[in-house]
$ cat coords.cif   # mmCIF, C-alpha atoms and all ligand atoms
data_entry
loop_
_atom_site.label_atom_id
_atom_site.label_comp_id
_atom_site.auth_asym_id
_atom_site.auth_seq_id
_atom_site.Cartn_x
_atom_site.Cartn_y
_atom_site.Cartn_z
CA MET A 1 125.55 82.69 154.75
CA SER A 2 127.30 80.39 157.14
CA GLY A 3 127.67 76.95 155.67
CA ASP A 4 126.38 75.07 158.65
CA PRO A 5 126.38 71.54 157.31
CA GLY A 6 123.13 69.82 157.77
CA ARG A 7 121.12 73.04 157.92
CA SER A 8 119.74 74.33 154.71
CA ARG A 9 119.25 78.07 154.53
CA LEU A 10 116.38 79.88 152.98
CA LEU A 11 117.05 83.47 152.03
CA THR A 12 114.55 85.86 150.56
CA PRO A 13 115.78 89.11 149.08
CA THR A 14 113.75 92.03 150.27
CA SER A 15 112.94 93.30 146.81
CA ARG A 16 109.32 94.16 146.28
CA ALA A 17 110.03 95.26 142.77
CA PRO A 18 108.94 92.66 140.26
CA ILE A 19 111.74 91.42 138.10
CA ARG A 20 111.56 93.00 134.70
CA ASN A 21 114.88 92.10 133.22
CA THR A 22 113.81 92.00 129.65
CA ARG A 23 117.14 93.29 128.47
CA GLY A 24 118.68 89.94 129.30
CA ARG A 25 118.22 87.82 126.24
CA LEU A 26 116.05 84.80 126.12
CA ALA A 27 117.83 81.56 125.83
CA GLY A 28 116.13 78.29 125.08
CA SER A 29 112.76 78.16 126.69
CA TYR A 30 110.40 75.50 127.84
CA ASN A 31 108.35 74.20 124.94
CA SER A 32 110.14 76.32 122.42
CA THR A 33 113.27 74.40 121.61
CA SER A 34 112.50 71.00 123.06
CA GLY A 35 111.32 68.69 120.37
CA VAL A 36 112.40 71.12 117.70
CA ILE A 37 116.13 70.91 117.87
CA PRO A 38 117.26 67.50 119.02
CA SER A 39 120.38 67.19 121.08
CA SER A 40 122.37 64.17 120.13
CA LYS A 41 124.38 64.09 123.34
CA THR A 42 124.34 65.63 126.73
CA ALA A 43 127.74 66.29 128.20
CA SER A 44 128.27 65.77 131.89
CA CYS A 45 130.31 67.71 134.35
CA ASN A 46 133.56 66.41 135.68
CA ARG A 47 133.67 64.28 138.73
CA PRO A 48 135.92 66.42 140.91
CA SER A 49 137.14 63.54 143.06
CA ASN A 50 139.36 61.90 140.47
CA GLY A 51 139.33 64.27 137.55
CA SER A 52 137.73 61.73 135.25
CA SER A 53 134.57 62.53 133.38
CA ARG A 54 131.43 60.86 132.21
CA HIS A 55 132.15 62.92 129.16
CA SER A 56 135.08 60.64 128.40
CA ALA A 57 132.84 58.48 126.24
CA ILE A 58 132.56 61.44 123.94
CA ASN A 59 136.23 62.30 124.13
CA SER A 60 137.28 58.81 123.23
CA THR A 61 135.59 59.07 119.84
CA ALA A 62 137.83 59.12 116.79
CA SER A 63 139.58 62.32 115.84
CA ALA A 64 138.61 64.30 112.76
CA PRO A 65 140.35 63.23 109.51
CA ALA A 66 143.71 64.89 108.77
CA THR A 67 142.48 66.54 105.56
CA ARG A 68 139.71 68.28 107.49
CA VAL A 69 142.17 69.41 110.12
CA ALA A 70 144.35 70.92 107.38
CA GLU A 71 141.35 72.77 105.91
CA ALA A 72 140.41 74.03 109.35
CA ARG A 73 143.94 75.19 110.06
CA SER A 74 144.17 77.18 106.85
CA LEU A 75 140.79 78.80 107.59
CA LEU A 76 142.10 79.80 110.98
CA ALA A 77 145.44 80.98 109.60
CA ALA A 78 143.62 83.31 107.18
CA ALA A 79 141.52 84.89 109.94
CA ARG A 80 142.62 88.14 111.57
CA ARG A 81 139.70 88.38 113.96
CA PRO A 82 138.52 84.93 115.03
CA VAL A 83 136.04 84.58 117.88
CA ILE A 84 135.47 81.43 119.93
CA ILE A 85 131.99 80.43 121.09
CA LEU A 86 131.84 77.60 123.60
CA GLY A 87 128.96 75.20 124.03
CA LEU A 88 127.98 72.52 126.49
CA GLU A 89 130.19 69.77 125.04
CA ALA A 90 133.29 71.76 126.05
CA ARG A 91 132.79 71.30 129.78
CA ASP A 92 135.22 68.49 130.52
CA ALA A 93 138.61 69.36 131.99
CA ALA A 94 140.71 68.29 128.99
CA THR A 95 138.64 70.34 126.56
CA ALA A 96 138.56 73.36 128.88
CA ALA A 97 142.36 73.31 129.12
CA ALA A 98 142.71 72.92 125.34
CA VAL A 99 140.25 75.78 124.74
CA ARG A 100 142.23 78.06 126.97
CA ARG A 101 145.53 77.22 125.26
CA LEU A 102 144.09 77.83 121.80
CA ALA A 103 142.31 81.03 122.84
CA GLU A 104 145.47 82.41 124.40
CA SER A 105 147.49 81.59 121.27
CA LEU A 106 144.94 83.46 119.18
CA ALA A 107 144.45 86.28 121.75
CA CYS A 108 140.83 86.35 120.61
CA PRO A 109 137.53 86.95 122.44
CA VAL A 110 135.71 83.97 123.92
CA LEU A 111 131.98 83.72 124.60
CA ALA A 112 130.04 80.85 126.12
CA THR A 113 126.49 79.56 126.16
CA TYR A 114 124.92 79.36 129.61
CA LYS A 115 125.83 75.75 130.13
CA ALA A 116 129.43 76.36 129.07
CA MET A 117 129.98 79.27 131.41
CA GLY A 118 133.15 78.87 133.43
CA VAL A 119 134.94 76.78 130.78
CA MET A 120 136.84 80.02 130.23
CA PRO A 121 136.73 81.68 133.67
CA ASP A 122 134.79 84.93 133.87
CA ALA A 123 137.84 86.71 135.20
CA HIS A 124 139.96 85.80 132.18
CA PRO A 125 140.61 88.96 130.14
CA GLN A 126 139.64 87.19 126.91
CA TYR A 127 136.28 86.03 128.21
CA VAL A 128 133.84 88.72 127.12
CA GLY A 129 130.46 87.24 128.08
CA GLY A 130 127.61 84.91 127.30
CA PHE A 131 126.34 83.81 123.91
CA THR A 132 122.57 83.47 124.01
CA SER A 133 121.61 84.08 120.40
CA GLY A 134 120.60 87.57 121.47
CA ALA A 135 121.65 91.16 121.06
CA ALA A 136 124.21 91.58 123.84
CA GLU A 137 126.91 89.58 122.08
CA TYR A 138 126.28 91.07 118.63
CA GLU A 139 128.85 93.83 119.03
CA THR A 140 131.61 91.26 119.54
CA VAL A 141 130.58 88.50 117.14
CA SER A 142 129.76 90.84 114.27
CA ARG A 143 133.37 92.10 114.29
CA ALA A 144 134.75 88.59 113.74
CA ASP A 145 135.99 87.28 110.42
CA LEU A 146 135.82 83.65 111.60
CA ILE A 147 133.49 82.08 114.16
CA LEU A 148 134.94 79.04 115.86
CA LEU A 149 132.21 77.01 117.55
CA VAL A 150 133.56 74.59 120.15
CA GLY A 151 131.26 71.87 121.48
CA PHE A 152 128.30 73.98 120.56
CA ASP A 153 125.03 72.06 120.87
CA PRO A 154 122.16 73.94 119.17
CA VAL A 155 119.69 72.64 121.77
CA GLU A 156 120.72 75.50 124.02
CA LEU A 157 119.44 78.35 121.89
CA LEU A 158 116.14 79.55 120.60
CA ARG A 159 115.59 78.57 117.02
CA GLN A 160 116.13 81.74 115.07
CA ARG A 161 118.03 83.22 112.18
CA TRP A 162 121.84 83.17 112.40
CA ARG A 163 122.86 86.82 112.24
CA TYR A 164 126.46 86.55 111.18
CA SER A 165 128.08 86.31 107.78
CA ALA A 166 131.60 85.28 108.85
CA PRO A 167 132.53 81.68 108.01
CA VAL A 168 132.02 79.13 110.76
CA LEU A 169 134.45 76.45 111.88
CA ASP A 170 132.43 73.89 113.83
CA VAL A 171 134.43 71.74 116.26
CA ALA A 172 131.99 69.38 117.92
CA THR A 173 131.68 65.77 119.01
CA VAL A 174 129.16 65.12 116.25
CA ARG A 175 127.57 67.03 113.43
CA HIS A 176 124.28 68.11 114.95
CA ALA A 177 121.38 67.21 112.69
CA VAL A 178 119.70 70.58 113.02
CA HIS A 179 121.85 73.66 113.29
CA TYR A 180 121.55 77.40 112.97
CA VAL A 181 124.35 77.67 110.51
CA GLU A 182 126.11 75.71 107.76
CA PRO A 183 129.79 75.51 108.74
CA ALA A 184 132.57 76.20 106.25
CA VAL A 185 134.48 73.34 107.84
CA GLY A 186 133.40 70.86 110.50
CA LEU A 187 135.72 68.85 112.72
CA TYR A 188 133.74 66.13 114.42
CA GLY A 189 135.09 63.80 117.06
CA ALA A 190 137.24 64.25 120.14
CA LEU A 191 137.42 67.94 121.04
CA ALA A 192 140.70 68.33 122.93
CA PRO A 193 142.92 66.79 120.22
CA ALA A 194 141.14 68.82 117.53
CA LEU A 195 141.77 72.02 119.46
CA ALA A 196 145.41 71.06 120.01
CA ALA A 197 145.78 70.41 116.28
CA LEU A 198 144.28 73.81 115.50
CA GLY A 199 146.68 75.45 117.92
CA VAL A 200 149.75 74.38 115.95
CA GLY A 201 151.12 77.58 114.45
CA ALA A 202 148.21 79.68 115.76
CA ARG A 203 149.14 83.33 116.30
CA PRO A 204 147.44 86.41 117.70
CA GLY A 205 145.39 88.35 115.18
CA ASP A 206 144.20 91.95 115.25
CA TRP A 207 142.15 92.01 118.47
CA THR A 208 143.74 94.18 121.14
CA PRO A 209 143.43 93.73 124.93
CA ASP A 210 141.80 97.17 125.18
CA GLU A 211 139.18 96.23 122.62
CA LEU A 212 138.37 93.00 124.44
CA ALA A 213 138.10 94.84 127.75
CA ALA A 214 135.75 97.40 126.19
CA LEU A 215 133.57 94.67 124.67
CA LYS A 216 133.37 92.90 128.02
CA ARG A 217 132.39 96.13 129.79
CA GLY A 218 129.77 96.81 127.12
CA MET A 219 128.21 93.37 127.51
CA ARG A 220 127.98 93.71 131.27
CA ALA A 221 126.49 97.18 130.94
CA ALA A 222 123.84 95.85 128.54
CA LEU A 223 122.77 93.33 131.16
CA ARG A 224 122.70 95.76 134.08
CA TYR A 225 119.39 96.09 135.82
CA GLU A 226 118.78 98.82 138.34
CA SER A 227 116.15 98.49 141.00
CA ARG A 228 113.01 100.47 140.16
CA GLY A 229 111.35 100.17 143.53
CA PRO A 230 112.27 99.74 147.14
CA GLY A 231 114.54 96.85 147.95
CA LEU A 232 117.27 95.14 146.05
CA SER A 233 117.41 94.55 142.33
CA PRO A 234 118.00 90.96 141.18
CA GLN A 235 121.48 92.01 140.11
CA GLN A 236 122.27 93.35 143.58
CA VAL A 237 121.06 90.14 145.15
CA VAL A 238 123.43 88.14 142.98
CA GLU A 239 126.32 90.51 143.61
CA ILE A 240 125.80 90.43 147.39
CA ALA A 241 125.67 86.64 147.28
CA ALA A 242 128.87 86.58 145.22
CA GLU A 243 130.63 88.86 147.69
CA ALA A 244 129.64 86.64 150.59
CA ALA A 245 130.60 83.55 148.62
CA ALA A 246 134.06 84.95 147.91
CA GLN A 247 134.79 84.65 151.66
CA ARG A 248 134.26 80.89 151.53
CA PRO A 249 137.24 78.56 151.16
CA ALA A 250 135.78 77.29 147.87
CA LEU A 251 133.48 79.25 145.58
CA PRO A 252 130.03 77.66 145.93
CA ARG A 253 128.50 76.06 142.90
CA ILE A 254 125.26 77.70 141.85
CA ALA A 255 122.16 76.19 140.32
CA VAL A 256 119.83 78.57 138.52
CA ASP A 257 116.14 78.15 137.76
CA ALA A 258 114.11 79.23 134.71
CA GLY A 259 112.61 82.70 134.88
CA ALA A 260 113.46 86.38 134.66
CA HIS A 261 115.83 86.12 137.64
CA MET A 262 117.98 83.75 135.59
CA PHE A 263 119.40 86.58 133.46
CA SER A 264 120.89 88.40 136.42
CA ALA A 265 122.15 85.22 138.08
CA MET A 266 123.97 84.07 134.97
CA ALA A 267 125.31 87.51 134.07
CA PHE A 268 126.59 88.58 137.48
CA TRP A 269 127.75 85.43 139.19
CA PRO A 270 131.51 85.00 138.70
CA CYS A 271 131.81 81.58 137.14
CA ALA A 272 135.32 80.23 137.51
CA GLU A 273 135.20 76.63 136.32
CA PRO A 274 133.22 74.33 134.03
CA CYS A 275 129.91 73.38 135.66
CA GLY A 276 130.35 76.05 138.32
CA ALA A 277 126.83 77.12 137.33
CA LEU A 278 124.18 74.44 136.73
CA ILE A 279 121.25 75.45 134.58
CA SER A 280 118.56 73.67 132.61
CA ASN A 281 119.19 75.71 129.51
CA GLY A 282 117.48 74.59 126.31
CA LEU A 283 114.68 72.58 127.88
CA ALA A 284 114.73 75.23 130.62
CA THR A 285 112.42 73.58 133.09
CA MET A 286 111.34 75.37 136.25
CA ALA A 287 111.98 73.73 139.64
CA PHE A 288 115.44 72.66 138.52
CA ALA A 289 117.64 74.80 140.76
CA LEU A 290 116.88 73.43 144.22
CA PRO A 291 117.17 69.73 143.35
CA ALA A 292 120.28 70.48 141.30
CA ALA A 293 121.84 72.33 144.24
CA ILE A 294 121.03 69.40 146.52
CA ALA A 295 122.67 67.02 144.05
CA SER A 296 125.74 69.25 143.93
CA ALA A 297 125.96 69.42 147.72
CA LEU A 298 125.64 65.66 148.05
CA HIS A 299 128.26 65.17 145.36
CA GLU A 300 130.72 67.57 147.02
CA PRO A 301 129.63 67.71 150.67
CA ALA A 302 132.31 70.21 151.72
CA ARG A 303 131.23 72.74 149.13
CA THR A 304 128.17 74.92 149.53
CA ALA A 305 125.66 74.97 146.71
CA ILE A 306 123.41 77.95 146.11
CA ALA A 307 120.02 77.60 144.45
CA PHE A 308 118.91 80.82 142.76
CA THR A 309 115.23 80.37 142.14
CA GLY A 310 112.09 82.33 141.42
CA ASP A 311 109.13 82.06 143.77
CA GLY A 312 107.16 80.21 141.09
CA GLY A 313 109.96 77.68 140.65
CA LEU A 314 110.37 77.21 144.39
CA PHE A 315 106.64 76.66 144.88
CA MET A 316 106.84 73.84 142.36
CA CYS A 317 109.42 71.93 144.38
CA LEU A 318 108.98 73.20 147.92
CA ALA A 319 109.17 69.69 149.34
CA GLU A 320 112.77 69.50 148.18
CA LEU A 321 113.63 71.79 151.10
CA SER A 322 112.78 68.84 153.26
CA THR A 323 115.05 66.64 151.14
CA ALA A 324 117.86 69.15 151.64
CA VAL A 325 117.40 69.08 155.41
CA GLN A 326 117.05 65.32 155.64
CA THR A 327 120.12 64.66 153.51
CA ALA A 328 122.09 67.32 155.42
CA ALA A 329 122.93 68.96 152.12
CA ARG A 330 124.87 72.21 152.42
CA VAL A 331 122.46 74.28 150.35
CA VAL A 332 121.54 77.95 150.43
CA THR A 333 118.30 78.77 148.64
CA ILE A 334 117.91 82.35 147.43
CA VAL A 335 114.37 83.13 146.34
CA PHE A 336 113.58 86.03 144.02
CA ASN A 337 110.26 86.61 145.63
CA ASP A 338 108.41 88.94 143.28
CA GLY A 339 104.94 87.42 143.54
CA ALA A 340 104.82 86.63 139.84
CA LEU A 341 105.78 84.34 137.01
CA SER A 342 107.63 87.41 135.81
CA LEU A 343 108.99 85.99 132.59
CA ILE A 344 105.49 85.08 131.47
CA ASP A 345 104.06 88.30 132.87
CA ILE A 346 106.54 90.20 130.68
CA LYS A 347 105.54 88.18 127.61
CA GLN A 348 101.85 88.87 128.25
CA GLN A 349 102.60 92.57 128.48
CA GLN A 350 104.73 92.53 125.34
CA ARG A 351 101.82 91.00 123.44
CA ARG A 352 99.40 93.48 125.03
CA LEU A 353 97.44 90.65 126.60
CA PRO A 354 95.58 91.16 129.86
CA THR A 355 97.54 90.05 132.90
CA ARG A 356 96.15 86.65 133.73
CA GLY A 357 97.27 83.85 136.03
CA VAL A 358 100.77 85.15 136.59
CA ARG A 359 100.61 87.16 139.83
CA TRP A 360 99.85 86.35 143.47
CA ASP A 361 100.34 87.80 146.94
CA ARG A 362 103.95 87.40 147.90
CA PRO A 363 104.51 84.94 150.71
CA ASP A 364 107.33 85.64 153.12
CA PHE A 365 109.28 82.44 152.68
CA ALA A 366 112.05 83.16 155.18
CA ALA A 367 109.70 84.49 157.87
CA GLY A 368 107.27 81.65 157.32
CA GLU A 369 108.42 80.20 160.59
CA GLN A 370 106.07 77.29 160.64
CA LEU A 371 107.23 76.05 157.29
CA ARG A 372 110.88 76.72 157.99
CA ASP A 373 110.89 75.25 161.47
CA SER A 374 108.86 72.25 160.52
CA LEU A 375 111.44 71.49 157.85
CA GLY A 376 114.34 72.12 160.21
CA ALA A 377 115.89 74.72 157.92
CA LEU A 378 117.53 78.02 158.88
CA GLY A 379 116.00 81.30 157.77
C1 LIG A 401 107.88 73.21 134.23
C2 LIG A 401 107.79 74.52 133.53
N1 LIG A 401 106.60 75.10 133.33
C3 LIG A 401 106.51 76.29 132.71
C4 LIG A 401 107.62 76.92 132.25
C5 LIG A 401 107.51 78.26 131.50
N2 LIG A 401 108.11 79.33 132.33
C6 LIG A 401 109.36 79.78 132.13
S1 LIG A 401 109.83 80.94 133.23
C7 LIG A 401 108.33 80.91 133.98
C8 LIG A 401 108.05 81.79 135.16
C9 LIG A 401 108.96 81.51 136.33
O1 LIG A 401 108.48 82.22 137.45
P1 LIG A 401 109.37 82.38 138.73
O2 LIG A 401 109.94 81.06 139.12
O3 LIG A 401 108.63 83.11 139.78
O4 LIG A 401 110.59 83.25 138.17
P2 LIG A 401 110.54 84.78 137.67
O5 LIG A 401 110.27 84.75 136.20
O6 LIG A 401 109.46 85.47 138.43
O7 LIG A 401 111.89 85.31 137.99
C10 LIG A 401 107.47 79.96 133.38
C11 LIG A 401 106.07 79.70 133.78
C12 LIG A 401 108.86 76.27 132.43
N3 LIG A 401 110.00 76.81 132.00
N4 LIG A 401 108.93 75.10 133.08
MG MG A 402 108.69 85.12 140.35
#

$ encode --input "coords.cif" --output "structure tokens"
Amino acid sequence: MSGDPGRSRLLTPTSRAPIRNTRGRLAGSYNSTSGVIPSSKTASCNRPSNGSSRHSAINSTASAPATRVAEARSLLAAARRPVIILGLEARDAATAAAVRRLAESLACPVLATYKAMGVMPDAHPQYVGGFTSGAAEYETVSRADLILLVGFDPVELLRQRWRYSAPVLDVATVRHAVHYVEPAVGLYGALAPALAALGVGARPGDWTPDELAALKRGMRAALRYESRGPGLSPQQVVEIAAEAAAQRPALPRIAVDAGAHMFSAMAFWPCAEPCGALISNGLATMAFALPAAIASALHEPARTAIAFTGDGGLFMCLAELSTAVQTAARVVTIVFNDGALSLIDIKQQQRRLPTRGVRWDRPDFAAGEQLRDSLGALG
């Protein structure tokens, strides 16, 4: 995985086993949330060059009224087992720092939606895992007596019943018109000052470090996926890539496509900073990862970007390999080449439908010398 600038790399894991990671939970999916749950704002990632953020427009909005803050504080003070769930609005640097301070004062577990991954680094002992409106996080969230949503935009999740009875404190830039849950208290406006205000007098509750570590281990175990055939499992591919990436001076940013491979990429890539993983969650379009990785590489030319993509997603935007070469973008493309639209294949099987239109003969992308050489990429 040498980061030879100007040469894009195309890597194909050798797995012949189709990806069947149905234990990973479905997040928002194409056609299922779009148009149903409107997103009022889309937060942007920080510009690393000067630390400022396009998100500042949101953070310059007025703070929540003092009476609301007092209500929120007393809700928090009464809680012994709060849990923090981060959403996409929390990705700017000021909010990420404020989240960390508050979470550490409370010594509570923190979960994050896909787009918010890295706001609390994966390696932090209080970060237990992803929140995808699925089963993996249930063990943690169901133990909470207060759920603190921070910058949580409902566009990211599938529309389904909210499973928890604990009161919700919603700290967001705006009150989202359609939500999964009616909050007990909502603080709407600038996030970082609201979090700082909540932190005044905040103390650790009843969670213990051992309990948090066990919950984190349990969540990772629930997302494990062993290879069932010859070759590497999707999880191994991601872990091998992460090991190689750890040798780089700066951890590459990843961009992840829609599909079954997404579950392993998001669960097993060590995300260390806000926007360290780019994903089209919510609308969840295919063919996102490669162009997003190119954009990342052009934005930060010294930093490698990795596109994790399915073969279906890569086929949709194959010409972008040429863009990567011609713009000298430092991009590594890792294709989960299973010869299928696996996520849809799985859904057909779950509904006992005949397999139709979702499988094809696997091409050998990396050994496809004519394609590779004609693009000027490395295999
Ligand atoms: C533009 C677009 N069309 C259709 C879909 C629905 N969809 C979601 S995942 C998927 C299959 C993706 O296949 P592939 O890229 O090979 O990834 P895999 O599931 O095999 O890992 C499809 C068709 C979508 N998300 N976006
Ligand atoms: Mg596929």

$ residues_near_ligand --input "coords.cif" --ligand "ligand LIG 401 (chain A)" --cutoff "8 Å" --atoms "only C-alpha atoms and all ligand atoms" --output "MDAnalysis selection string"
chainID A and resid 18:19 29:31 257:262 283:287 309:315 336:345

$ closest_residue --input "coords.cif" --among "A:Gly118, A:Ala93, A:Ala184, A:Ala98" --to "A:Cys275" --atoms "all atoms listed in the file"
A:Gly118

$ atom_distance --input "coords.cif" --atom1 "atom CA of A:Pro167" --atom2 "atom CA of A:Val181"
9.4 Å

$ closest_residue --input "coords.cif" --among "A:Leu223, A:Leu148, A:Ala166, A:Ala213" --to "A:Gln126" --atoms "only C-alpha atoms"
A:Ala213

$ closest_residue --input "coords.cif" --among "A:Thr140, A:Trp360, A:Leu371, A:Gly282" --to "ligand MG 402 (chain A)" --atoms "only C-alpha atoms and all ligand atoms"
A:Trp360

$ residues_around --input "coords.cif" --residues "A:Pro274" --least-positions-apart "3" --cutoff "10 Å" --atoms "only C-alpha atoms" --output "list of chain:residue names"
A:Cys45, A:Asn46, A:Leu88, A:Ala90, A:Arg91, A:Asp92, A:Ala93, A:Ala96, A:Lys115, A:Ala116, A:Met117, A:Gly118, A:Val119, A:Met120, A:Pro121, A:Cys271, A:Ala277, A:Leu278

$ closest_residue --input "coords.cif" --among "A:Pro109, A:Leu198, A:Pro230, A:Leu158" --to "A:Leu75" --atoms "only C-alpha atoms"
A:Leu198

$ atom_distance --input "coords.cif" --atom1 "atom CA of A:Ile85" --atom2 "atom CA of A:Ala172"
11.5 Å

$ closest_residue --input "coords.cif" --among "A:Leu353, A:Ile334, A:Ala244, A:Ala214" --to "ligand MG 402 (chain A)" --atoms "only C-alpha atoms and all ligand atoms"
A:Ile334

$ atom_distance --input "coords.cif" --atom1 "atom CA of A:Thr95" --atom2 "atom CA of A:Leu111"
15.1 Å

$ closest_residue --input "coords.cif" --among "A:Leu86, A:Ala136, A:Arg203, A:Ser280" --to "A:Val150" --atoms "all atoms listed in the file"
A:Leu86

$ residues_near_point --input "coords.cif" --point "(128.2, 67.8, 147.4)" --cutoff "12 Å" --atoms "all atoms listed in the file" --output "JSON, numbers by chain"
{"A": [5, 6, 47, 48, 49, 252, 253, 254, 291, 292, 293, 294, 295, 296, 297, 298, 299, 300, 301, 302, 303, 304, 305, 306, 324, 327, 328, 329, 330, 331]}

$ residues_around --input "coords.cif" --residues "A:Gly201" --least-positions-apart "6" --cutoff "12 Å" --atoms "only C-alpha atoms" --output "list in words"
Ala70, Arg73, Ser74, Leu76, Ala77, Ala78, Leu102, Ser105, Leu106 and Leu195 of chain A
